[in-house]
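Text of upload-v3.cif, listed as mmCIF, C-alpha atoms:
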data_input
loop_
_atom_site.label_atom_id
_atom_site.label_comp_id
_atom_site.auth_asym_id
_atom_site.auth_seq_id
_atom_site.Cartn_x
_atom_site.Cartn_y
_atom_site.Cartn_z
CA MET H 560 91.79 72.50 30.37
CA ARG H 561 92.92 75.41 28.20
CA GLN H 562 93.65 78.85 29.58
CA ALA H 563 90.69 80.36 27.69
CA ASP H 564 88.33 77.76 29.16
CA LYS H 565 89.59 78.47 32.68
CA LEU H 566 89.07 82.19 32.19
CA GLU H 567 85.56 81.63 30.85
CA GLN H 568 84.72 79.39 33.82
CA LEU H 569 86.02 82.02 36.26
CA ARG H 570 84.11 84.80 34.48
CA THR H 571 80.88 82.76 34.66
CA ALA H 572 81.39 82.05 38.38
CA LEU H 573 81.96 85.75 39.10
CA GLU H 574 78.82 86.73 37.18
CA GLU H 575 76.74 84.17 39.07
CA TYR H 576 78.18 85.37 42.39
CA ALA H 577 77.46 89.02 41.53
CA ALA H 578 73.89 88.09 40.60
CA GLY H 579 73.45 86.31 43.93
CA HIS H 580 73.20 82.83 42.42
CA GLY H 581 76.66 81.55 43.18
CA PRO H 582 78.14 80.14 46.39
CA SER H 583 78.70 82.68 49.13
CA LEU H 584 82.38 83.37 49.59
CA PHE H 585 81.82 85.74 52.48
CA ASP H 586 79.28 85.52 55.29
CA TYR H 587 78.22 89.15 55.68
CA GLU H 588 75.85 88.48 58.58
CA ALA H 589 78.50 86.67 60.60
CA GLU H 590 81.06 89.38 59.90
CA GLU H 591 78.60 92.11 60.88
CA ALA H 592 77.90 90.36 64.18
CA LYS H 593 81.63 89.90 64.79
CA ALA H 594 82.45 93.52 63.89
CA ALA H 595 80.73 94.97 66.96
CA VAL H 596 82.30 92.38 69.26
CA ARG H 597 85.72 92.86 67.64
CA LYS H 598 85.46 96.64 68.07
CA ARG H 599 84.64 96.28 71.77
CA ALA H 600 87.39 93.68 72.26
CA LEU H 601 90.01 95.85 70.58
CA GLY H 602 88.91 98.80 72.70
CA LEU H 603 89.39 96.73 75.85
CA LEU H 604 92.78 95.49 74.65
CA ASP H 605 93.77 99.06 73.82
CA GLN H 606 93.30 99.98 77.50
CA ARG H 607 95.59 97.17 78.70
CA ALA H 608 96.50 93.57 77.96
CA ARG H 609 93.96 91.01 79.11
CA SER H 610 93.83 87.27 79.58
CA ARG H 611 91.62 85.22 77.29
CA HIS H 612 89.21 84.46 80.14
CA GLU H 613 89.04 88.07 81.29
CA LEU H 614 88.35 89.38 77.77
CA THR H 615 85.70 86.72 77.17
CA GLN H 616 83.95 87.58 80.44
CA ARG H 617 83.97 91.31 79.70
CA LEU H 618 82.45 90.71 76.26
CA LEU H 619 79.80 88.38 77.65
CA GLN H 620 78.94 90.97 80.32
CA ALA H 621 78.33 93.40 77.46
CA GLU H 622 75.63 90.92 76.37
CA PHE H 623 77.20 89.83 73.11
CA PRO H 624 76.24 86.29 71.96
CA ALA H 625 78.57 83.64 73.38
CA ASP H 626 79.26 81.96 70.03
CA VAL H 627 80.25 85.28 68.43
CA VAL H 628 82.42 86.18 71.43
CA ASP H 629 84.19 82.80 71.23
CA SER H 630 84.79 83.26 67.52
CA VAL H 631 86.23 86.77 67.94
CA VAL H 632 88.41 85.74 70.87
CA ASP H 633 89.70 82.78 68.84
CA ASP H 634 90.51 85.16 65.96
CA LEU H 635 92.35 87.54 68.29
CA ALA H 636 94.33 84.68 69.83
CA GLU H 637 95.22 83.36 66.38
CA VAL H 638 96.78 86.69 65.37
CA GLY H 639 98.58 87.03 68.71
CA LEU H 640 96.57 89.84 70.30
CA ILE H 641 95.63 87.54 73.17
CA ASN H 642 98.34 85.37 74.68
CA ASP H 643 97.89 84.21 78.28
CA GLN H 644 101.55 83.31 78.66
CA LEU H 645 102.80 86.77 77.66
CA PHE H 646 99.98 88.41 79.62
CA ALA H 647 100.88 86.52 82.82
CA PHE H 648 104.60 87.21 82.46
CA GLU H 649 104.05 90.96 81.98
CA TRP H 650 101.39 91.15 84.69
CA VAL H 651 103.78 89.63 87.24
CA ARG H 652 106.75 91.73 86.13
CA GLN H 653 104.90 95.03 86.21
CA ARG H 654 102.78 94.49 89.31
CA HIS H 655 105.78 93.31 91.32
CA ALA H 656 108.09 96.11 90.16
CA ARG H 657 105.63 99.00 90.20
CA ARG H 658 103.18 98.07 92.92
CA GLY H 659 105.33 95.88 95.15
CA LYS H 660 102.93 92.93 95.03
CA SER H 661 104.01 89.64 96.56
CA THR H 662 103.93 86.36 94.65
CA ARG H 663 100.97 85.24 96.76
CA VAL H 664 98.87 88.22 95.68
CA LEU H 665 100.04 87.94 92.07
CA GLU H 666 99.11 84.25 92.03
CA GLN H 667 95.59 85.14 93.19
CA GLU H 668 95.25 87.96 90.66
CA LEU H 669 96.26 85.68 87.79
CA SER H 670 93.89 83.00 89.02
CA ASP H 671 91.06 85.54 89.11
CA LYS H 672 91.89 86.44 85.50
CA GLY H 673 91.51 82.80 84.44
CA VAL H 674 95.17 82.05 83.78
CA ASP H 675 95.85 78.32 84.09
CA PRO H 676 98.05 77.01 86.96
CA ALA H 677 101.01 76.00 84.78
CA THR H 678 101.17 79.43 83.16
CA ARG H 679 100.85 81.13 86.56
CA THR H 680 103.71 79.06 87.96
CA GLU H 681 105.90 79.85 84.97
CA ALA H 682 105.19 83.59 85.22
CA LEU H 683 105.77 83.69 88.98
CA ALA H 684 109.11 81.91 88.61
CA GLN H 685 110.66 85.21 87.51
CA ILE H 686 110.43 86.40 91.14
CA ASP H 687 112.61 84.51 93.58
CA SER H 688 112.56 84.76 97.37
CA GLU H 689 115.45 87.26 97.38
CA ASP H 690 113.57 89.57 94.98
CA GLU H 691 110.49 89.34 97.15
CA ALA H 692 112.42 90.10 100.35
CA ALA H 693 114.18 93.03 98.66
CA MET H 694 110.83 94.47 97.59
CA ALA H 695 109.47 94.08 101.13
CA ARG H 696 112.54 95.86 102.52
CA THR H 697 112.08 98.72 100.07
CA LEU H 698 108.42 99.15 101.00
CA ALA H 699 109.15 98.92 104.73
CA ALA H 700 111.97 101.47 104.50
CA LYS H 701 109.71 103.86 102.57
CA LYS H 702 106.99 103.61 105.21
CA ALA H 703 109.54 103.92 108.02
CA ARG H 704 110.80 107.20 106.51
CA SER H 705 107.38 108.69 107.30
CA VAL H 706 108.27 108.42 111.00
CA LYS H 707 109.37 111.95 111.97
CA HIS H 708 110.48 111.35 115.58
CA ALA H 709 111.58 108.38 117.63
CA PRO H 710 108.67 106.70 119.45
CA ALA H 711 108.40 107.98 123.01
CA ASP H 712 107.27 104.70 124.55
CA ARG H 713 106.54 101.05 123.83
CA ALA H 714 102.91 101.71 122.82
CA GLU H 715 103.91 104.31 120.22
CA ARG H 716 106.66 102.04 118.92
CA ASP H 717 104.20 99.13 118.54
CA LYS H 718 101.72 101.39 116.76
CA THR H 719 104.40 102.51 114.28
CA LEU H 720 105.54 98.93 113.79
CA ARG H 721 101.95 97.83 113.04
CA ARG H 722 101.70 100.51 110.35
CA ILE H 723 104.83 99.27 108.63
CA VAL H 724 103.69 95.63 108.89
CA GLY H 725 100.31 96.71 107.50
CA VAL H 726 101.93 98.06 104.33
CA LEU H 727 103.58 94.69 103.75
CA ALA H 728 100.52 92.65 104.73
CA ARG H 729 98.29 94.52 102.26
CA ARG H 730 100.67 93.52 99.49
CA GLY H 731 100.53 89.88 100.55
CA PHE H 732 103.96 89.32 102.05
CA PRO H 733 104.16 86.48 104.60
CA GLN H 734 103.46 87.49 108.18
CA GLY H 735 106.76 86.35 109.70
CA MET H 736 108.85 87.96 106.98
CA SER H 737 106.79 91.16 107.20
CA LEU H 738 107.27 91.45 110.95
CA ASN H 739 111.05 90.86 110.78
CA ILE H 740 111.58 93.31 107.92
CA ALA H 741 109.32 95.92 109.56
CA ARG H 742 111.33 95.68 112.80
CA GLU H 743 114.60 96.13 110.90
CA ALA H 744 113.23 99.15 109.02
CA LEU H 745 111.87 100.77 112.18
CA GLU H 746 115.09 100.20 114.14
CA HIS H 747 117.09 101.67 111.27
CA ARG H 748 114.82 104.73 111.14
CA ILE H 749 114.99 105.24 114.92
CA ALA H 750 118.79 105.06 114.75
CA GLU H 751 118.75 107.74 112.00
CA LEU H 752 116.50 110.00 114.07
CA GLU H 753 118.65 109.65 117.21
CA ASP H 754 121.87 110.60 115.43
#
Step by step, read the file and then write its structure as structure tokens.
Amino acid sequence: MRQADKLEQLRTALEEYAAGHGPSLFDYEAEEAKAAVRKRALGLLDQRARSRHELTQRLLQAEFPADVVDSVVDDLAEVGLINDQLFAFEWVRQRHARRGKSTRVLEQELSDKGVDPATRTEALAQIDSEDEAAMARTLAAKKARSVKHAPADRAERDKTLRRIVGVLARRGFPQGMSLNIAREALEHRIAELED
């Protein structure tokens, strides 16, 4: 086929398309439906990273059609704006470092966000038992510093110890480890106060 014939064929196709007689190259209705969902999704992602499941649930709660939500979420995953593996890794890193969360709590949080077990395990592997114990010691020492005078009796000492253990328990650290670390922190603080 000659160049002139190709140009004429293309010109004819464009004229037919412009007149509304040619094949549709762009589905305006589908894109309009996706635009509102995409805008909401990008707004949610602008606030913070989200797992695929979490974003899908938030969009469905906003009463967008499920097929449109799935399509938009697929599009966002394809361009890398949703990535459960990166999300899980960052969630664990930040929540452990900034909030002192234990691996047990982080595992539950990721599960609640719909992250699959293999991805959760991989993300949690960045925290070993020494890191977790060090975080628990830091939190216990911080709470122990709030003690302003040495406990006068056993009852007051137990009450103070329970408060320190409570800080660790709320962050999901194991009971035995929490109790041992809390005792160490309280004994250290009492020794500081008695000097």
If the PyMOL selection byres ((chain H and resi 726) around 10) is run on the structure shown, which residues does it catch, given as a PyMOL selection string?
chain H and resi 695+698-699+701-702+721-725+727-732+737+741
Hey, what comes out of the PyMOL selection byres ((chain H and resi 604-606) around 12) on this file? Could you write it as a list of chain:residue names?
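After applying the PyMOL selection byres ((chain H and resi 604-606) around 12), what remains is H:Arg597, H:Lys598, H:Arg599, H:Ala600, H:Leu601, H:Gly602, H:Leu603, H:Arg607, H:Ala608, H:Arg609, H:Ser610, H:Arg611, H:Glu613, H:Leu614, H:Thr615, H:Arg617, H:Leu618, H:Val632, H:Leu635, H:Ala636, H:Gly639, H:Leu640, H:Ile641, H:Asn642, H:Phe646.
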How would the residues just chosen look if you wrote them out with C-alpha atoms as a PDB file, in the coordinates of the input?
ATOM      1  CA  ARG H 597      85.720  92.860  67.640  1.00  0.00           C
ATOM      2  CA  LYS H 598      85.460  96.640  68.070  1.00  0.00           C
ATOM      3  CA  ARG H 599      84.640  96.280  71.770  1.00  0.00           C
ATOM      4  CA  ALA H 600      87.390  93.680  72.260  1.00  0.00           C
ATOM      5  CA  LEU H 601      90.010  95.850  70.580  1.00  0.00           C
ATOM      6  CA  GLY H 602      88.910  98.800  72.700  1.00  0.00           C
ATOM      7  CA  LEU H 603      89.390  96.730  75.850  1.00  0.00           C
ATOM      8  CA  ARG H 607      95.590  97.170  78.700  1.00  0.00           C
ATOM      9  CA  ALA H 608      96.500  93.570  77.960  1.00  0.00           C
ATOM     10  CA  ARG H 609      93.960  91.010  79.110  1.00  0.00           C
ATOM     11  CA  SER H 610      93.830  87.270  79.580  1.00  0.00           C
ATOM     12  CA  ARG H 611      91.620  85.220  77.290  1.00  0.00           C
ATOM     13  CA  GLU H 613      89.040  88.070  81.290  1.00  0.00           C
ATOM     14  CA  LEU H 614      88.350  89.380  77.770  1.00  0.00           C
ATOM     15  CA  THR H 615      85.700  86.720  77.170  1.00  0.00           C
ATOM     16  CA  ARG H 617      83.970  91.310  79.700  1.00  0.00           C
ATOM     17  CA  LEU H 618      82.450  90.710  76.260  1.00  0.00           C
ATOM     18  CA  VAL H 632      88.410  85.740  70.870  1.00  0.00           C
ATOM     19  CA  LEU H 635      92.350  87.540  68.290  1.00  0.00           C
ATOM     20  CA  ALA H 636      94.330  84.680  69.830  1.00  0.00           C
ATOM     21  CA  GLY H 639      98.580  87.030  68.710  1.00  0.00           C
ATOM     22  CA  LEU H 640      96.570  89.840  70.300  1.00  0.00           C
ATOM     23  CA  ILE H 641      95.630  87.540  73.170  1.00  0.00           C
ATOM     24  CA  ASN H 642      98.340  85.370  74.680  1.00  0.00           C
ATOM     25  CA  PHE H 646      99.980  88.410  79.620  1.00  0.00           C
TER      26      PHE H 646
END
Selected residue of minimal separation from Glu751 in chain H among H:Ala592, H:Leu573, H:Ala625, H:Ala709, counting only C-alpha atoms
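Result for the nearest residue to Glu751 in chain H: H:Ala709.
Taking CA of Ala700 in chain H and CA of Arg713 in chain H as the two end points, the separation is 20.1 Å.
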Any idea what's packed within 8 Å of Arg748 in chain H, counting all atoms listed in the file, ignoring anything in its chain fewer than 6 positions away? Could you give it as a ChimeraX atom specification?
/H:700,703-704,706
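Reported to one decimal place, the separation of CA of Gly659 in chain H from CA of Ser705 in chain H is 17.8 Å.
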Would you translate the PyMOL selection byres ((chain H and resi 661) around 10) into the concrete set of residues it matches in this file, as a ChimeraX atom specification?
/H:651,654-656,658-660,662-666,683,686,688,690-692,694-695,727-733
Taking the block above, write range 692-703 of chain H with N, CA, C and O atoms as a tab-separated table (two decimals), in the first residue's frame.
chain	number	residue	atom	x	y	z
H	692	ALA	N	13.46	-6.54	72.07
H	692	ALA	CA	13.83	-6.39	73.49
H	692	ALA	C	14.40	-5.00	73.75
H	692	ALA	O	14.09	-4.38	74.78
H	693	ALA	N	15.20	-4.49	72.83
H	693	ALA	CA	15.76	-3.15	72.99
H	693	ALA	C	14.65	-2.09	73.02
H	693	ALA	O	14.69	-1.14	73.82
H	694	MET	N	13.66	-2.25	72.16
H	694	MET	CA	12.54	-1.31	72.14
H	694	MET	C	11.77	-1.38	73.46
H	694	MET	O	11.39	-0.36	74.04
H	695	ALA	N	11.55	-2.59	73.96
H	695	ALA	CA	10.84	-2.76	75.23
H	695	ALA	C	11.62	-2.11	76.37
H	695	ALA	O	11.03	-1.45	77.23
H	696	ARG	N	12.94	-2.25	76.36
H	696	ARG	CA	13.77	-1.63	77.40
H	696	ARG	C	13.67	-0.10	77.34
H	696	ARG	O	13.60	0.57	78.36
H	697	THR	N	13.69	0.43	76.13
H	697	THR	CA	13.58	1.88	75.96
H	697	THR	C	12.25	2.39	76.51
H	697	THR	O	12.20	3.40	77.23
H	698	LEU	N	11.17	1.72	76.17
H	698	LEU	CA	9.85	2.13	76.64
H	698	LEU	C	9.73	2.00	78.16
H	698	LEU	O	9.16	2.87	78.82
H	699	ALA	N	10.26	0.91	78.70
H	699	ALA	CA	10.20	0.69	80.15
H	699	ALA	C	11.02	1.75	80.89
H	699	ALA	O	10.57	2.29	81.91
H	700	ALA	N	12.20	2.07	80.37
H	700	ALA	CA	13.05	3.08	81.00
H	700	ALA	C	12.37	4.45	80.97
H	700	ALA	O	12.42	5.21	81.95
H	701	LYS	N	11.71	4.76	79.86
H	701	LYS	CA	11.01	6.04	79.75
H	701	LYS	C	9.89	6.13	80.79
H	701	LYS	O	9.74	7.15	81.46
H	702	LYS	N	9.12	5.07	80.93
H	702	LYS	CA	8.04	5.06	81.91
H	702	LYS	C	8.60	5.11	83.34
H	702	LYS	O	8.06	5.79	84.21
H	703	ALA	N	9.70	4.40	83.56
H	703	ALA	CA	10.30	4.37	84.90
H	703	ALA	C	10.82	5.75	85.29
H	703	ALA	O	10.79	6.10	86.48
